[in-house]
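Trainee: Got a structure here, written out as structure tokens. Questions coming.
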Amino acid sequence: MLPSAEPVGPVRLAAGSTRFCAGIVSTARHLSIEQKMADYSNRLYHQLEQETGIQTGYTRTGSIFLAQTQDRLVSLKRINSRLNVIGIPSEIISLKKVTELHPLLNVHDLVGAMHVPEDAVVSSADVALALASAASQQGVQICDWTSVLHGMVKKGQVTPGR
């Protein structure tokens, strides 16, 4: 049985909010598995619009991660190294490069930064709808406005709990 603290009431697909910067698709993560998942998501969202015909708002913006302390800079260097090992372009950049990329940013209290040029932003609700469309095209049945009280996993698939 799937873990459940409270029954989930009827909800509409792509409704609601998140506390995790909805729409930012960044591969810079501390844990390797999170980096791989974020990279997969970035690549998926990049092609999703072409595959489904549904606009996702995918825009490659790049990200700049700032370091105000040497400890933070060391952390960014570690993340940068891991990103490069798995083939995600990133680099530690100078403060001059930071101001070239983002002229309005005040760099007087920074000691360094990391740039991840392939990070992007998306419209979270549109991505959810595009994913649902792609799933439907593969035979998945989506039950909108449905309460989930129990769930069972049988042979690797979620089935209604009885």
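Convention: chains lettered A, B, ... in structure tokens order; per-chain residue numbering from 1; ligands numbered from 1 as shown.
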Restrict the calculation to only C-alpha atoms, then for each residue of stretch 15-107 of chain A with any atom at most 9 Å from an atom of stretch 134-155 of chain A give the closest atom pair and their distance in Å to one decimal, rows by chain and rising residue number, as JSON lines.
Mentor:
{"residue": "A:Leu48", "atom": "CA", "partner": "A:Ala134", "partner_atom": "CA", "distance": 8.3}
{"residue": "A:Glu51", "atom": "CA", "partner": "A:Ala134", "partner_atom": "CA", "distance": 7.8}
{"residue": "A:Thr52", "atom": "CA", "partner": "A:Ala134", "partner_atom": "CA", "distance": 6.2}
Trainee: Output N, CA and C atoms for every residue in the selection just made, as a PDB file, in the first residue's frame.
Mentor:
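To be explicit, this is the file written out as part.pdb:
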ATOM      1  N   LEU A  48       9.518  18.283 -24.991  1.00  0.00           N
ATOM      2  CA  LEU A  48       8.111  17.988 -24.732  1.00  0.00           C
ATOM      3  C   LEU A  48       7.164  18.787 -25.629  1.00  0.00           C
ATOM      4  N   GLU A  51       7.054  17.302 -29.071  1.00  0.00           N
ATOM      5  CA  GLU A  51       6.393  16.002 -29.108  1.00  0.00           C
ATOM      6  C   GLU A  51       4.887  16.087 -28.938  1.00  0.00           C
ATOM      7  N   THR A  52       4.416  17.036 -28.133  1.00  0.00           N
ATOM      8  CA  THR A  52       2.984  17.092 -27.815  1.00  0.00           C
ATOM      9  C   THR A  52       2.245  18.227 -28.518  1.00  0.00           C
TER      10      THR A  52
END
Trainee: In chain A, what's strand (DSSP E or B) per DSSP? Answer as a ChimeraX atom specification?
Mentor: /A:8,24-25,59-60,63-67,91-93,112-116,120-121,148,151-154,157-160
Trainee: Keeping only N, CA and C atoms, write the selected residues to a file as an mmCIF file, in the first residue's frame.
Mentor:
data_model
loop_
_atom_site.group_PDB
_atom_site.id
_atom_site.type_symbol
_atom_site.label_atom_id
_atom_site.label_comp_id
_atom_site.auth_asym_id
_atom_site.auth_seq_id
_atom_site.Cartn_x
_atom_site.Cartn_y
_atom_site.Cartn_z
ATOM 1 N N VAL A 8 -6.343 12.384 -0.063
ATOM 2 C CA VAL A 8 -6.227 13.560 -0.921
ATOM 3 C C VAL A 8 -7.587 13.824 -1.522
ATOM 4 N N ILE A 24 11.434 26.753 -12.278
ATOM 5 C CA ILE A 24 12.884 26.820 -12.470
ATOM 6 C C ILE A 24 13.403 25.405 -12.688
ATOM 7 N N VAL A 25 14.122 25.212 -13.792
ATOM 8 C CA VAL A 25 14.684 23.909 -14.122
ATOM 9 C C VAL A 25 16.198 24.041 -14.041
ATOM 10 N N THR A 59 12.150 28.049 -21.673
ATOM 11 C CA THR A 59 13.084 29.083 -22.114
ATOM 12 C C THR A 59 14.415 28.849 -21.423
ATOM 13 N N ARG A 60 15.444 28.660 -22.212
ATOM 14 C CA ARG A 60 16.784 28.452 -21.651
ATOM 15 C C ARG A 60 17.331 29.816 -21.225
ATOM 16 N N SER A 63 21.666 29.916 -15.339
ATOM 17 C CA SER A 63 21.610 30.297 -13.925
ATOM 18 C C SER A 63 22.970 30.765 -13.469
ATOM 19 N N ILE A 64 22.961 31.676 -12.525
ATOM 20 C CA ILE A 64 24.191 32.124 -11.870
ATOM 21 C C ILE A 64 24.023 31.858 -10.378
ATOM 22 N N PHE A 65 24.932 31.077 -9.820
ATOM 23 C CA PHE A 65 24.923 30.779 -8.390
ATOM 24 C C PHE A 65 26.021 31.604 -7.748
ATOM 25 N N LEU A 66 25.676 32.366 -6.723
ATOM 26 C CA LEU A 66 26.596 33.327 -6.119
ATOM 27 C C LEU A 66 27.209 32.818 -4.826
ATOM 28 N N ALA A 67 28.464 33.217 -4.593
ATOM 29 C CA ALA A 67 29.160 32.859 -3.352
ATOM 30 C C ALA A 67 29.600 34.136 -2.643
ATOM 31 N N GLU A 91 30.541 26.380 -15.254
ATOM 32 C CA GLU A 91 31.882 26.883 -14.981
ATOM 33 C C GLU A 91 31.868 27.854 -13.808
ATOM 34 N N ILE A 92 32.982 27.875 -13.095
ATOM 35 C CA ILE A 92 33.192 28.893 -12.069
ATOM 36 C C ILE A 92 33.609 30.147 -12.823
ATOM 37 N N ILE A 93 32.943 31.253 -12.532
ATOM 38 C CA ILE A 93 33.202 32.478 -13.288
ATOM 39 C C ILE A 93 33.689 33.603 -12.386
ATOM 40 N N GLY A 112 32.918 34.862 -5.654
ATOM 41 C CA GLY A 112 32.920 34.053 -6.861
ATOM 42 C C GLY A 112 31.513 33.643 -7.229
ATOM 43 N N ALA A 113 31.417 32.878 -8.330
ATOM 44 C CA ALA A 113 30.103 32.443 -8.800
ATOM 45 C C ALA A 113 30.259 31.250 -9.744
ATOM 46 N N MET A 114 29.143 30.585 -9.985
ATOM 47 C CA MET A 114 29.098 29.485 -10.942
ATOM 48 C C MET A 114 28.000 29.779 -11.954
ATOM 49 N N HIS A 115 28.284 29.528 -13.227
ATOM 50 C CA HIS A 115 27.313 29.736 -14.299
ATOM 51 C C HIS A 115 26.935 28.386 -14.893
ATOM 52 N N VAL A 116 25.628 28.139 -14.999
ATOM 53 C CA VAL A 116 25.106 26.921 -15.632
ATOM 54 C C VAL A 116 24.242 27.398 -16.814
ATOM 55 N N ALA A 120 16.986 26.386 -17.265
ATOM 56 C CA ALA A 120 15.843 26.948 -17.972
ATOM 57 C C ALA A 120 14.705 27.262 -17.005
ATOM 58 N N VAL A 121 13.659 27.849 -17.554
ATOM 59 C CA VAL A 121 12.403 28.043 -16.826
ATOM 60 C C VAL A 121 11.278 27.496 -17.697
ATOM 61 N N VAL A 148 -8.304 10.260 -3.971
ATOM 62 C CA VAL A 148 -7.505 9.053 -3.800
ATOM 63 C C VAL A 148 -7.514 8.709 -2.317
ATOM 64 N N GLY A 151 -4.112 3.231 -2.414
ATOM 65 C CA GLY A 151 -3.463 2.816 -3.648
ATOM 66 C C GLY A 151 -2.664 1.557 -3.412
ATOM 67 N N MET A 152 -2.559 0.732 -4.401
ATOM 68 C CA MET A 152 -1.782 -0.504 -4.309
ATOM 69 C C MET A 152 -0.814 -0.552 -5.486
ATOM 70 N N VAL A 153 0.335 -1.147 -5.244
ATOM 71 C CA VAL A 153 1.293 -1.376 -6.319
ATOM 72 C C VAL A 153 1.319 -2.871 -6.592
ATOM 73 N N LYS A 154 0.981 -3.232 -7.824
ATOM 74 C CA LYS A 154 0.995 -4.636 -8.244
ATOM 75 C C LYS A 154 1.806 -4.731 -9.525
ATOM 76 N N GLN A 157 3.017 -1.460 -10.984
ATOM 77 C CA GLN A 157 2.065 -0.462 -11.421
ATOM 78 C C GLN A 157 1.124 -0.103 -10.274
ATOM 79 N N VAL A 158 0.769 1.181 -10.218
ATOM 80 C CA VAL A 158 -0.197 1.629 -9.213
ATOM 81 C C VAL A 158 -1.573 1.242 -9.687
ATOM 82 N N THR A 159 -2.347 0.596 -8.800
ATOM 83 C CA THR A 159 -3.714 0.176 -9.109
ATOM 84 C C THR A 159 -4.627 0.699 -8.012
ATOM 85 N N PRO A 160 -5.926 0.814 -8.294
ATOM 86 C CA PRO A 160 -6.844 1.296 -7.249
ATOM 87 C C PRO A 160 -6.841 0.353 -6.045
#
Trainee: Report, in Å to a single decimal, how far apart atom CA of A:Met37 and atom CA of A:Val74 are.
Mentor: 23.2 Å
Trainee: Using backbone DSSP assignments, extract all helix (DSSP H, G or I) residues from chain A; output them as an MDAnalysis selection string.
Mentor: chainID A and resid 32:52 70:85 95:101 124:137
Trainee: Give me a file of those residues, with C-alpha atoms, as a compact mmCIF listing (two decimals), in the first residue's frame.
Mentor:
# COMPACT_ATOMS: atom_id res chain seq x y z
CA SER A 32 24.23 13.17 -7.67
CA ILE A 33 20.83 11.50 -8.10
CA GLU A 34 19.12 14.90 -7.92
CA GLN A 35 21.51 16.23 -10.58
CA LYS A 36 20.71 13.32 -12.88
CA MET A 37 16.96 13.74 -12.35
CA ALA A 38 17.16 17.49 -12.98
CA ASP A 39 19.23 16.94 -16.14
CA TYR A 40 16.68 14.38 -17.37
CA SER A 41 13.84 16.83 -16.64
CA ASN A 42 15.64 19.65 -18.46
CA ARG A 43 16.13 17.48 -21.56
CA LEU A 44 12.55 16.16 -21.37
CA TYR A 45 10.96 19.60 -21.04
CA HIS A 46 13.10 20.88 -23.92
CA GLN A 47 11.58 18.29 -26.30
CA LEU A 48 8.11 17.99 -24.73
CA GLU A 49 6.60 20.92 -26.64
CA GLN A 50 7.74 19.45 -29.98
CA GLU A 51 6.39 16.00 -29.11
CA THR A 52 2.98 17.09 -27.82
CA GLN A 70 34.89 30.98 0.60
CA ASP A 71 32.95 28.02 2.01
CA ARG A 72 30.10 28.66 -0.45
CA LEU A 73 32.62 29.00 -3.29
CA VAL A 74 34.17 25.64 -2.36
CA SER A 75 30.66 24.13 -2.42
CA LEU A 76 30.01 25.62 -5.87
CA LYS A 77 33.33 24.25 -7.12
CA ARG A 78 32.31 20.77 -5.99
CA ILE A 79 28.94 21.05 -7.69
CA ASN A 80 30.63 22.41 -10.82
CA SER A 81 33.01 19.46 -10.88
CA ARG A 82 30.17 16.94 -10.56
CA LEU A 83 28.16 18.67 -13.29
CA ASN A 84 31.11 18.56 -15.66
CA VAL A 85 31.75 14.87 -14.92
CA LEU A 95 32.99 38.64 -10.83
CA LYS A 96 33.64 40.49 -14.09
CA LYS A 97 31.84 37.71 -15.98
CA VAL A 98 28.96 37.90 -13.47
CA THR A 99 28.46 41.59 -14.31
CA GLU A 100 28.66 40.81 -18.04
CA LEU A 101 25.92 38.20 -17.69
CA SER A 124 4.72 24.41 -14.46
CA ALA A 125 1.01 24.07 -15.23
CA ASP A 126 1.67 23.83 -18.97
CA VAL A 127 4.36 21.18 -18.42
CA ALA A 128 1.90 19.16 -16.32
CA LEU A 129 -0.68 19.35 -19.12
CA ALA A 130 1.90 18.40 -21.77
CA LEU A 131 3.06 15.43 -19.67
CA ALA A 132 -0.56 14.35 -19.23
CA SER A 133 -1.13 14.64 -22.97
CA ALA A 134 1.97 12.55 -23.71
CA ALA A 135 0.87 9.95 -21.15
CA SER A 136 -2.64 9.82 -22.64
CA GLN A 137 -1.14 9.25 -26.09
Trainee: Using only C-alpha atoms, which residue out of A:Gln68, A:Ser94, A:Thr61, A:Thr27 lies closest to A:Pro117?
Mentor: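 With only C-alpha atoms as the atom set, the closest residue is A:Thr61.
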Trainee: Here is a test: counting only C-alpha atoms, which residue of A:Val107, A:Leu31, A:Ala22, A:Ser90 is nearest to A:Gly62?
Mentor: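 Of A:Val107, A:Leu31, A:Ala22, A:Ser90, the one nearest A:Gly62, counting only C-alpha atoms, is A:Ser90.
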Trainee: Distance atom CA of A:Ile88-atom CA of A:Tyr58, one decimal place?
Mentor: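 Atom-to-atom, atom CA of A:Ile88 to atom CA of A:Tyr58, that is 17.9 Å.
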Trainee: Find the distance between atom CA of A:Ile54 and atom CA of A:Gly87 and write it in Å to one decimal.
Mentor: 28.4 Å
